[in-house]
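Everything below belongs to work_36.txt, which stores compact mmCIF, C-alpha atoms.
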```txt
# COMPACT_ATOMS: atom_id res chain seq x y z
CA MET A 1 10.77 100.04 59.46
CA PRO A 2 7.17 101.22 59.76
CA ILE A 3 6.06 103.64 57.07
CA ARG A 4 3.18 105.91 57.96
CA ALA A 5 0.73 106.97 55.35
CA GLY A 6 0.97 110.55 56.55
CA GLU A 7 4.54 110.76 55.32
CA TRP A 8 3.42 110.07 51.79
CA LEU A 9 0.85 112.82 51.66
CA ALA A 10 1.70 116.00 49.85
CA HIS A 11 1.03 119.53 51.14
CA GLY A 12 1.47 118.40 54.73
CA SER A 13 -2.14 117.41 55.22
CA GLN A 14 -2.64 114.72 57.84
CA PRO A 15 -4.97 111.78 57.26
CA GLU A 16 -7.64 110.79 59.72
CA TRP A 17 -6.07 107.35 59.85
CA THR A 18 -2.60 105.92 59.70
CA MET A 19 -1.46 102.73 58.07
CA THR A 20 1.56 100.95 59.38
CA VAL A 21 3.42 98.69 57.00
CA VAL A 22 5.17 96.06 59.06
CA GLU A 23 8.15 94.27 57.68
CA LYS A 24 7.36 90.69 56.80
CA THR A 25 8.44 88.36 59.56
CA GLN A 26 8.46 85.17 57.56
CA GLY A 27 11.65 83.30 58.28
CA ALA A 28 13.40 83.17 61.62
CA PRO A 29 11.18 83.75 64.66
CA ARG A 30 11.77 86.87 66.65
CA ASP A 31 14.43 86.79 69.32
CA ALA A 32 15.79 83.59 67.87
CA GLY A 33 19.22 84.93 68.79
CA PRO A 34 22.16 82.64 68.29
CA LEU A 35 19.86 79.73 67.51
CA ALA A 36 19.43 81.09 64.01
CA GLU A 37 23.13 80.60 63.42
CA LEU A 38 22.96 76.89 64.18
CA ASP A 39 22.66 74.29 61.45
CA ASP A 40 19.86 71.75 61.49
CA HIS A 41 21.76 69.31 63.68
CA GLY A 42 22.50 72.04 66.19
CA LEU A 43 18.86 73.07 66.27
CA VAL A 44 17.81 69.49 66.86
CA ALA A 45 20.24 69.27 69.79
CA ALA A 46 18.93 72.54 71.22
CA CYS A 47 15.37 71.35 70.84
CA LEU A 48 16.14 68.09 72.61
CA ALA A 49 17.66 70.15 75.39
CA GLY A 50 14.37 71.94 75.91
CA ARG A 51 14.47 74.85 73.49
CA ARG A 52 11.12 74.70 71.72
CA ASP A 53 11.94 77.80 69.71
CA ALA A 54 14.70 75.80 68.02
CA PHE A 55 12.01 73.65 66.46
CA ASP A 56 10.23 76.77 65.20
CA LEU A 57 13.36 77.55 63.23
CA LEU A 58 13.47 74.05 61.81
CA VAL A 59 9.86 74.44 60.73
CA ASP A 60 10.65 77.73 59.04
CA ARG A 61 13.53 76.19 57.15
CA HIS A 62 11.68 73.15 55.88
CA LYS A 63 8.00 74.05 55.74
CA ARG A 64 8.02 74.83 52.06
CA SER A 65 9.60 71.57 50.96
CA VAL A 66 7.37 69.59 53.31
CA TYR A 67 4.25 71.33 52.02
CA LEU A 68 5.24 70.77 48.38
CA LEU A 69 5.95 67.12 49.10
CA CYS A 70 2.53 66.72 50.69
CA TYR A 71 0.85 68.55 47.86
CA ARG A 72 2.46 66.24 45.33
CA PHE A 73 0.93 63.30 47.10
CA VAL A 74 -2.57 64.56 47.89
CA GLY A 75 -3.12 67.27 45.31
CA THR A 76 -5.13 69.72 47.40
CA HIS A 77 -4.03 72.72 49.42
CA GLU A 78 -6.16 71.86 52.44
CA ASP A 79 -4.93 68.29 52.68
CA ALA A 80 -1.33 69.33 52.07
CA SER A 81 -1.61 71.92 54.82
CA ASP A 82 -3.01 69.40 57.30
CA LEU A 83 -0.43 66.81 56.34
CA SER A 84 2.41 69.31 56.66
CA GLN A 85 1.37 70.03 60.22
CA ASP A 86 1.15 66.31 60.88
CA VAL A 87 4.63 65.75 59.46
CA PHE A 88 6.17 68.38 61.73
CA LEU A 89 4.28 67.14 64.74
CA ARG A 90 5.51 63.60 64.17
CA ALA A 91 9.01 64.90 63.63
CA TYR A 92 8.83 66.77 66.92
CA ARG A 93 7.59 63.72 68.78
CA GLY A 94 10.27 61.53 67.25
CA LEU A 95 13.09 64.03 67.37
CA ARG A 96 14.98 61.89 69.85
CA ARG A 97 15.22 59.17 67.22
CA PHE A 98 17.00 61.46 64.77
CA ARG A 99 20.54 60.10 64.82
CA GLY A 100 22.10 62.58 62.45
CA ASP A 101 23.23 59.85 60.05
CA SER A 102 21.39 61.62 57.26
CA SER A 103 20.47 65.25 56.84
CA PHE A 104 17.50 66.53 58.79
CA ALA A 105 15.76 67.25 55.47
CA THR A 106 16.11 63.62 54.39
CA TRP A 107 14.80 62.45 57.74
CA LEU A 108 11.88 64.83 57.38
CA TYR A 109 11.20 63.54 53.86
CA ARG A 110 11.05 60.04 55.23
CA ILE A 111 8.41 61.05 57.76
CA GLY A 112 6.59 63.04 55.11
CA VAL A 113 6.47 60.13 52.68
CA ASN A 114 5.12 57.80 55.36
CA VAL A 115 2.49 60.30 56.47
CA CYS A 116 1.42 60.99 52.91
CA LEU A 117 1.30 57.36 51.85
CA ASN A 118 -0.78 56.53 54.92
CA ARG A 119 -3.22 59.29 54.08
CA VAL A 120 -3.34 58.39 50.41
CA SER A 121 -4.00 54.76 51.21
CA MET A 122 -6.90 55.79 53.46
CA ARG A 123 -8.67 57.85 50.87
CA GLN A 124 -8.35 58.91 47.28
CA PRO A 125 -7.33 62.50 46.66
CA LEU A 126 -10.15 64.80 45.75
CA GLN A 127 -10.47 65.55 42.09
CA ARG A 128 -10.96 69.27 42.04
CA SER A 129 -12.37 71.15 39.13
CA LEU A 130 -10.21 73.66 37.33
CA ASP A 131 -12.23 76.51 38.81
CA GLU A 132 -11.40 75.36 42.33
CA MET A 133 -7.66 75.19 41.73
CA PRO A 134 -5.67 77.95 43.44
CA ASN A 135 -4.12 80.63 41.30
CA LEU A 136 -0.59 80.11 40.13
CA ALA A 137 2.00 82.44 41.56
CA ALA A 138 3.02 83.79 38.19
CA PRO A 139 -0.15 84.52 36.28
CA GLN A 140 0.09 83.89 32.56
CA ALA A 141 -0.33 86.82 30.25
CA ASP A 142 -2.38 84.75 27.85
CA PRO A 143 -5.41 83.16 29.56
CA ALA A 144 -5.55 80.45 26.89
CA VAL A 145 -1.96 79.41 27.59
CA ALA A 146 -2.63 79.43 31.31
CA LEU A 147 -5.65 77.22 30.83
CA VAL A 148 -3.73 74.73 28.73
CA ARG A 149 -0.96 74.58 31.31
CA ARG A 150 -3.43 74.06 34.12
CA GLU A 151 -5.07 71.26 32.22
CA GLU A 152 -1.72 69.68 31.50
CA ALA A 153 -0.70 69.98 35.15
CA ARG A 154 -3.95 68.39 36.26
CA ARG A 155 -3.45 65.48 33.88
CA VAL A 156 0.08 64.88 35.09
CA ARG A 157 -0.92 65.07 38.77
CA ALA A 158 -3.77 62.66 38.15
CA ALA A 159 -1.44 60.26 36.38
CA VAL A 160 1.19 60.48 39.13
CA ALA A 161 -1.51 59.78 41.71
CA ARG A 162 -2.29 56.51 39.96
CA LEU A 163 1.24 55.19 40.13
CA PRO A 164 2.13 52.45 42.61
CA ARG A 165 3.34 53.84 45.94
CA LYS A 166 7.04 53.16 45.57
CA GLN A 167 7.17 54.41 42.00
CA ARG A 168 5.24 57.52 42.90
CA THR A 169 7.48 58.25 45.86
CA ALA A 170 10.66 57.79 43.85
CA LEU A 171 9.34 60.00 41.08
CA ILE A 172 8.18 62.80 43.39
CA LEU A 173 11.39 62.91 45.41
CA ARG A 174 13.60 62.74 42.32
CA VAL A 175 11.76 65.04 39.92
CA TYR A 176 10.10 67.60 42.18
CA HIS A 177 12.49 67.68 45.11
CA ASP A 178 15.67 66.98 43.20
CA LEU A 179 16.89 64.49 45.78
CA PRO A 180 19.85 62.32 44.73
CA HIS A 181 19.04 58.64 44.39
CA LYS A 182 21.22 57.92 47.42
CA GLU A 183 19.18 60.23 49.65
CA ILE A 184 15.94 58.84 48.30
CA ALA A 185 17.21 55.37 49.15
CA SER A 186 18.06 56.60 52.64
CA ALA A 187 14.66 58.21 53.06
CA LEU A 188 12.85 55.09 51.90
CA GLY A 189 15.13 52.59 53.57
CA THR A 190 16.01 50.82 50.34
CA SER A 191 18.89 50.51 47.89
CA VAL A 192 19.97 52.95 45.23
CA GLY A 193 19.40 50.32 42.54
CA ALA A 194 15.85 49.80 43.71
CA VAL A 195 15.20 53.53 43.67
CA LYS A 196 16.47 53.84 40.12
CA ALA A 197 14.39 50.88 39.02
CA ASN A 198 11.30 52.38 40.61
CA PHE A 199 12.06 55.71 38.97
CA PHE A 200 12.42 54.05 35.59
CA HIS A 201 9.14 52.16 35.92
CA ALA A 202 7.41 55.27 37.22
CA LEU A 203 8.34 57.19 34.08
CA ALA A 204 7.41 54.28 31.83
CA ASN A 205 4.01 53.88 33.50
CA LEU A 206 3.45 57.61 33.48
CA LYS A 207 3.96 57.66 29.73
CA LYS A 208 1.30 54.97 29.32
CA LEU A 209 -1.15 56.69 31.67
CA LEU A 210 -0.78 60.04 29.94
CA ALA A 211 -1.21 58.43 26.55
CA ALA A 212 -4.34 56.62 27.73
CA ASP A 213 -5.71 59.86 29.18
CA THR A 214 -5.10 61.64 25.89
CA ARG A 215 -6.91 58.91 23.98
CA SER A 216 -9.89 58.95 26.33
CA GLY A 217 -10.00 62.75 26.22
CA SER A 218 -10.07 62.85 22.47
CA MET B 1 23.55 41.96 22.70
CA LYS B 2 22.66 42.74 26.27
CA HIS B 3 20.51 45.82 26.66
CA LEU B 4 20.80 48.38 29.42
CA SER B 5 19.04 47.73 32.68
CA PRO B 6 16.43 50.21 34.00
CA ALA B 7 18.94 51.66 36.46
CA GLN B 8 21.52 52.09 33.68
CA LEU B 9 18.96 53.76 31.45
CA VAL B 10 18.17 56.20 34.26
CA ASP B 11 21.87 56.99 34.51
CA VAL B 12 22.03 57.60 30.77
CA VAL B 13 18.99 59.91 30.86
CA GLU B 14 20.38 61.83 33.82
CA GLY B 15 23.84 62.07 32.27
CA THR B 16 25.61 60.19 35.03
CA ALA B 17 26.39 57.05 33.02
CA GLY B 18 29.92 56.16 32.07
CA ASP B 19 31.34 56.24 28.56
CA THR B 20 30.65 52.56 27.97
CA LEU B 21 26.95 52.84 28.72
CA THR B 22 26.61 56.04 26.74
CA ALA B 23 28.32 54.49 23.75
CA HIS B 24 26.09 51.45 23.95
CA CYS B 25 22.98 53.60 24.06
CA ALA B 26 24.15 55.53 21.03
CA GLY B 27 24.68 52.34 19.04
CA CYS B 28 21.63 50.36 20.25
CA PRO B 29 18.33 51.49 18.69
CA ALA B 30 16.20 49.74 21.33
CA CYS B 31 18.01 51.34 24.26
CA ARG B 32 18.14 54.70 22.52
CA THR B 33 14.38 54.62 21.95
CA LYS B 34 13.76 53.80 25.59
CA ALA B 35 16.06 56.58 26.72
CA ASP B 36 14.35 59.10 24.44
CA GLU B 37 10.93 58.10 25.76
CA LEU B 38 12.15 58.51 29.31
CA ARG B 39 13.51 61.96 28.55
CA ALA B 40 10.23 63.05 26.96
CA THR B 41 8.15 61.84 29.89
CA LEU B 42 10.57 63.38 32.32
CA ALA B 43 10.26 66.74 30.55
CA VAL B 44 6.46 66.65 30.75
CA THR B 45 6.52 65.61 34.39
CA SER B 46 9.10 68.18 35.44
CA ALA B 47 7.10 71.03 33.99
CA ASN B 48 4.24 70.33 36.36
CA GLU B 49 4.19 73.15 38.89
CA VAL B 50 2.45 73.18 42.22
CA PRO B 51 0.07 76.11 42.66
CA GLU B 52 1.80 78.56 44.94
CA PRO B 53 -0.22 79.24 48.09
CA SER B 54 -0.75 82.69 49.48
CA PRO B 55 2.36 84.29 51.04
CA LEU B 56 0.41 84.53 54.30
CA PHE B 57 -0.01 80.77 54.29
CA TRP B 58 3.59 80.14 55.34
CA ASP B 59 3.25 82.19 58.51
CA HIS B 60 -0.09 80.53 59.12
CA LEU B 61 1.50 77.09 58.79
CA SER B 62 4.30 78.03 61.19
CA ALA B 63 1.77 79.25 63.73
CA ARG B 64 -0.30 76.08 63.39
CA VAL B 65 2.71 73.87 63.95
CA ALA B 66 3.88 75.98 66.88
CA ARG B 67 0.46 75.68 68.52
CA ALA B 68 0.39 71.95 68.00
CA VAL B 69 3.92 71.52 69.32
CA ARG B 70 3.22 73.66 72.37
CA ASP B 71 0.84 70.99 73.69
CA GLU B 72 3.47 68.30 73.33
CA PRO B 73 6.06 67.38 75.96
CA VAL B 74 9.64 68.33 75.22
CA PRO B 75 10.94 65.48 73.07
CA GLY B 76 14.40 65.05 74.58
CA ALA B 77 15.41 62.44 77.10
CA TRP B 78 15.02 63.51 80.71
CA TRP B 79 18.75 63.67 81.36
CA GLN B 80 19.25 65.94 78.36
CA ARG B 81 16.66 68.38 79.67
CA TRP B 82 18.16 68.04 83.15
CA THR B 83 21.59 69.05 81.95
CA TRP B 84 20.27 72.02 80.04
CA GLN B 85 17.80 73.52 82.46
CA TRP B 86 18.68 72.29 85.90
CA VAL B 87 22.43 72.54 86.07
CA PRO B 88 22.54 75.84 88.03
CA LEU B 89 19.75 74.75 90.34
CA SER B 90 21.26 71.34 90.87
CA ALA B 91 24.67 72.81 91.60
CA ALA B 92 23.16 75.14 94.19
CA ALA B 93 21.26 72.26 95.76
CA MET B 94 24.41 70.18 95.95
CA VAL B 95 26.26 73.00 97.71
CA LEU B 96 23.43 73.40 100.20
CA ILE B 97 23.35 69.68 100.86
CA ALA B 98 27.11 69.64 101.34
CA VAL B 99 26.98 72.56 103.77
CA GLY B 100 24.10 71.01 105.67
CA PHE B 101 25.80 67.66 105.83
CA GLY B 102 29.03 69.24 107.02
CA VAL B 103 27.31 71.20 109.78
CA SER B 104 25.34 68.16 110.94
CA TRP B 105 28.48 66.04 111.00
CA ARG B 106 30.34 68.59 113.09
CA GLY B 107 27.39 68.85 115.42
CA ILE B 108 27.48 65.13 116.02
CA SER B 109 31.22 65.33 116.61
CA ILE B 110 30.78 68.07 119.20
CA VAL B 111 28.10 66.16 121.06
CA ALA B 112 30.16 63.01 121.00
CA SER B 113 33.31 64.71 122.23
CA HIS B 114 31.76 66.51 125.21
CA PRO B 115 30.36 64.93 128.38
CA ALA B 116 26.65 65.23 128.84
CA SER B 117 27.12 67.36 131.90
CA GLU B 118 28.92 69.97 129.84
CA LEU B 119 26.20 69.95 127.26
CA ALA B 120 23.54 70.44 129.86
CA LEU B 121 25.15 73.05 132.07
CA GLY B 122 26.16 76.57 131.20
CA PRO B 123 27.33 77.55 127.74
CA ALA B 124 27.00 74.17 126.11
CA VAL B 125 29.88 74.36 123.66
CA PRO B 126 32.74 76.77 124.35
CA LEU B 127 33.98 78.67 121.33
CA ASP B 128 37.51 77.51 121.89
CA GLY B 129 36.19 73.97 121.56
CA ILE B 130 34.91 74.73 118.09
CA GLU B 131 38.23 76.24 117.13
CA ARG B 132 39.96 73.11 118.33
CA LEU B 133 37.82 70.91 116.09
CA ASP B 134 38.35 73.23 113.17
CA ALA B 135 42.11 73.11 113.53
CA GLY B 136 42.25 69.58 112.25
CA GLU B 137 39.66 70.10 109.51
CA SER B 138 40.76 73.31 107.88
CA SER B 139 40.16 71.84 104.44
CA ASP B 140 36.39 71.62 105.03
CA VAL B 141 35.04 74.79 103.43
CA SER B 142 31.59 74.60 104.98
CA TRP B 143 32.99 74.06 108.43
CA THR B 144 35.42 76.94 108.02
CA LEU B 145 32.52 79.16 107.04
CA MET B 146 30.54 78.20 110.13
CA THR B 147 33.47 78.74 112.50
CA ASP B 148 34.28 82.06 110.89
CA LEU B 149 30.74 83.22 111.48
CA SER B 150 30.50 81.90 115.03
CA SER B 151 33.92 83.19 116.08
CA THR B 152 32.66 86.76 115.88
CA VAL B 153 29.87 86.07 118.36
CA ALA B 154 30.74 86.94 121.98
CA ALA B 155 29.51 84.76 124.86
CA ASP B 156 27.73 87.71 126.49
CA GLU B 157 25.82 88.40 123.29
CA THR B 158 24.64 84.81 123.12
CA LEU B 159 23.37 85.07 126.69
CA GLY B 160 21.50 88.25 125.79
CA ALA B 161 19.92 86.50 122.85
CA GLU B 162 18.93 83.58 125.13
CA LEU B 163 20.78 81.16 122.88
CA PRO B 164 22.64 79.05 125.48
CA VAL B 165 21.00 76.13 127.24
CA LEU B 166 19.68 77.09 130.66
CA PRO B 167 21.18 75.28 133.68
CA ASP B 168 18.07 73.23 134.43
CA ALA B 169 17.16 72.61 130.80
CA ALA B 170 18.50 69.07 130.86
CA ASP B 171 16.49 68.24 133.96
CA ARG B 172 13.31 69.62 132.45
CA ALA B 173 13.94 67.78 129.22
CA LEU B 174 14.39 64.53 131.14
CA HIS B 175 10.98 65.00 132.74
CA HIS B 176 9.43 64.96 129.29
CA LEU B 177 10.93 61.57 128.40
CA THR B 178 9.09 58.30 128.88
CA GLU B 179 10.63 55.53 130.93
CA PRO B 180 12.00 53.59 127.97
CA GLU B 181 13.44 56.83 126.56
CA GLN B 182 15.10 57.64 129.87
CA ALA B 183 16.57 54.13 130.08
CA GLU B 184 17.93 54.47 126.54
CA LEU B 185 19.42 57.88 127.32
CA ILE B 186 21.14 56.50 130.41
CA ARG B 187 22.52 53.62 128.42
CA ILE B 188 23.92 56.02 125.81
CA LEU B 189 25.45 58.27 128.45
CA HIS B 190 27.09 55.27 130.14
CA GLU B 191 28.43 54.20 126.82
CA GLU B 192 29.84 57.64 126.05
CA MET B 193 31.17 58.52 129.51
CA GLY B 194 32.66 55.16 130.32
CA PRO B 195 32.22 52.90 133.34
CA SER B 196 33.28 55.64 135.79
CA ALA B 197 30.15 57.64 135.22
CA ARG B 198 27.26 56.82 137.45
CA MET B 199 23.85 58.43 137.11
CA ALA B 200 20.89 57.61 139.20
CA PRO B 201 17.74 57.15 137.15
CA ARG B 202 15.21 59.88 137.59
CA PRO B 203 11.79 59.03 138.84
CA ALA B 204 9.29 58.46 136.13
CA ARG B 205 7.08 61.31 135.08
CA LYS B 206 3.69 61.23 136.70
```
So that I can check it, write out the structure of this file as structure tokens.
Amino acid sequence: MPIRAGEWLAHGSQPEWTMTVVEKTQGAPRDAGPLAELDDHGLVAACLAGRRDAFDLLVDRHKRSVYLLCYRFVGTHEDASDLSQDVFLRAYRGLRRFRGDSSFATWLYRIGVNVCLNRVSMRQPLQRSLDEMPNLAAPQADPAVALVRREEARRVRAAVARLPRKQRTALILRVYHDLPHKEIASALGTSVGAVKANFFHALANLKKLLAADTRSGS
Amino acid sequence: MKHLSPAQLVDVVEGTAGDTLTAHCAGCPACRTKADELRATLAVTSANEVPEPSPLFWDHLSARVARAVRDEPVPGAWWQRWTWQWVPLSAAAMVLIAVGFGVSWRGISIVASHPASELALGPAVPLDGIERLDAGESSDVSWTLMTDLSSTVAADETLGAELPVLPDAADRALHHLTEPEQAELIRILHEEMGPSARMAPRPARK
């Protein structure tokens, strides 16, 4: 509901301007109607039948996880934003190939991983300075603690970026997206055993990389 | 002693391993050390947060994707779009085609069942003739509709509206035919009217 600044003023004086606070519309698009009640498979079917607004709802449901996945791979907001758009665009183009054997999220992860790995193989992620890094959502009360955490996060992201592709993918999907090994295997088109092995080696290599980084830093 | 495989160690670290594997890990220093190292690295890795973008970014991303998608063709197969969007239109088109086909078919039947002289002179098709045809085809909805509509039209009204064929219309129409067309028409009339009918060919148009 719009709230007008004039209603807040005491003594009945009217301002020369009014400010309208509009309710945040993030989430379902307007006039989504019964589409919003459909699950992902239903939205895919509606989209294939010509309802473009059904895809808008799918984007709203999965944009955060897709963006975070992309960020984990490329490490910059701009690249993650571009890649997220690319992931959804490819998903839209290939929507007819979605069979529904897996969840839509898993299918989207598969596209996302392919898009990200292609981008990463084309160019190395930019190494941004600490000053260029975006602010964290929850600012730390102690600036020194925040700085240490940022530095630690940068070190871990840099180490993850140096992992082999399969190990990096398994680690990102398992640790940061909490996907079960079975879904990761489905997304990557491999076996559960292979995913677990890649996850194990990813952690082992990460330990070595972080230790080497600590030694070189000191 | 056989040590745990990488996949089994992952199960132990994640707490999904069975009792046998867990017991082995507890009693095997080498496997326990590996599992502890994995847990420590996992803890460091898990704590790594992604910087949260601005709240406005999510709407911005949705808008970007929507713009990009708008330029793309609808991804579904053509028959899926056809069923969704064109069913009402297609149904209406099918009804129209059926009505048109029915009317055309009855028109051919009328022409075929009446001598050419009747078609050319006076009111071409008497209304009782239409009713006669309809009697045997009462199941045809389109034909019933046409006869219902036409049955309310009086012969005098049709004359006033200049709808019937004029008495010399056939003669004038014949004058506009070429010689081969006239010969073909005569052949058709002979075929339809039987061997008893005799028509003298008209002189060719100058």
Spatial neighbours of segment 157-172 of chain A, max dist 6 Å, all atoms listed in the file, sep filter under 3 positions, as a VMD selection string: chain A and resid 154 175 to 176 198 to 199 202 209
Nearby residues (only C-alpha atoms) at most 9 Å from Ile111 of chain A, same-chain spacing under 5 positions excluded, as a PyMOL selection string: chain A and resi 87-88+90-91+106+116+187
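Atom to atom, atom CA of Arg61 of chain A and atom CA of Asp59 of chain B stand 12.0 Å apart.
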Exercise: Ala7 of chain B partners within 9 Å, all atoms listed in the file, chain neighbours under 4 positions left out, as a ChimeraX atom specification: /A:192-200 /B:11-12
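Distances from B:Glu52, B:Ala40, B:Gly27, B:Glu14 to chain A were compared using all atoms listed in the file, and the smallest one belongs to B:Glu52.
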Distance filter 7 Å, all atoms listed in the file, chain A against chain B, as a PDB file with C-alpha atoms, keeping the file's coordinate frame:
```pdb
ATOM      1  CA  GLN A  26       8.460  85.170  57.560  1.00  0.00           C
ATOM      2  CA  LEU A  48      16.140  68.090  72.610  1.00  0.00           C
ATOM      3  CA  ALA A  49      17.660  70.150  75.390  1.00  0.00           C
ATOM      4  CA  GLY A  50      14.370  71.940  75.910  1.00  0.00           C
ATOM      5  CA  ASP A  56      10.230  76.770  65.200  1.00  0.00           C
ATOM      6  CA  VAL A  59       9.860  74.440  60.730  1.00  0.00           C
ATOM      7  CA  ASP A  60      10.650  77.730  59.040  1.00  0.00           C
ATOM      8  CA  GLN A  85       1.370  70.030  60.220  1.00  0.00           C
ATOM      9  CA  PHE A  88       6.170  68.380  61.730  1.00  0.00           C
ATOM     10  CA  LEU A  89       4.280  67.140  64.740  1.00  0.00           C
ATOM     11  CA  TYR A  92       8.830  66.770  66.920  1.00  0.00           C
ATOM     12  CA  ARG A  93       7.590  63.720  68.780  1.00  0.00           C
ATOM     13  CA  LEU A  95      13.090  64.030  67.370  1.00  0.00           C
ATOM     14  CA  ARG A  96      14.980  61.890  69.850  1.00  0.00           C
ATOM     15  CA  PRO A 134      -5.670  77.950  43.440  1.00  0.00           C
ATOM     16  CA  ASN A 135      -4.120  80.630  41.300  1.00  0.00           C
ATOM     17  CA  LEU A 136      -0.590  80.110  40.130  1.00  0.00           C
ATOM     18  CA  ALA A 137       2.000  82.440  41.560  1.00  0.00           C
ATOM     19  CA  ALA A 153      -0.700  69.980  35.150  1.00  0.00           C
ATOM     20  CA  VAL A 156       0.080  64.880  35.090  1.00  0.00           C
ATOM     21  CA  VAL A 175      11.760  65.040  39.920  1.00  0.00           C
ATOM     22  CA  TYR A 176      10.100  67.600  42.180  1.00  0.00           C
ATOM     23  CA  GLY A 193      19.400  50.320  42.540  1.00  0.00           C
ATOM     24  CA  LYS A 196      16.470  53.840  40.120  1.00  0.00           C
ATOM     25  CA  ALA A 197      14.390  50.880  39.020  1.00  0.00           C
ATOM     26  CA  PHE A 200      12.420  54.050  35.590  1.00  0.00           C
ATOM     27  CA  LEU A 203       8.340  57.190  34.080  1.00  0.00           C
ATOM     28  CA  ALA A 204       7.410  54.280  31.830  1.00  0.00           C
ATOM     29  CA  LYS A 207       3.960  57.660  29.730  1.00  0.00           C
TER      30      LYS A 207
END
```
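Distance check against Val120 of chain A using only C-alpha atoms: of A:Thr76, A:Thr190, A:Ser103, A:Ser65, the minimum falls on A:Thr76.
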Straight-line distance linking atom CA of Ser102 of chain A with atom CA of Asp40 of chain A, stated in Å to one decimal: 11.1 Å
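Taking atom CA of Glu78 of chain A and atom CA of Ala36 of chain A as the two end points, the separation is 29.6 Å.
For the choices B:Ala93, B:Thr22, B:Lys2, B:Arg67, the atom-to-atom distance to Arg52 of chain A is smallest for B:Arg67 when using all atoms listed in the file.
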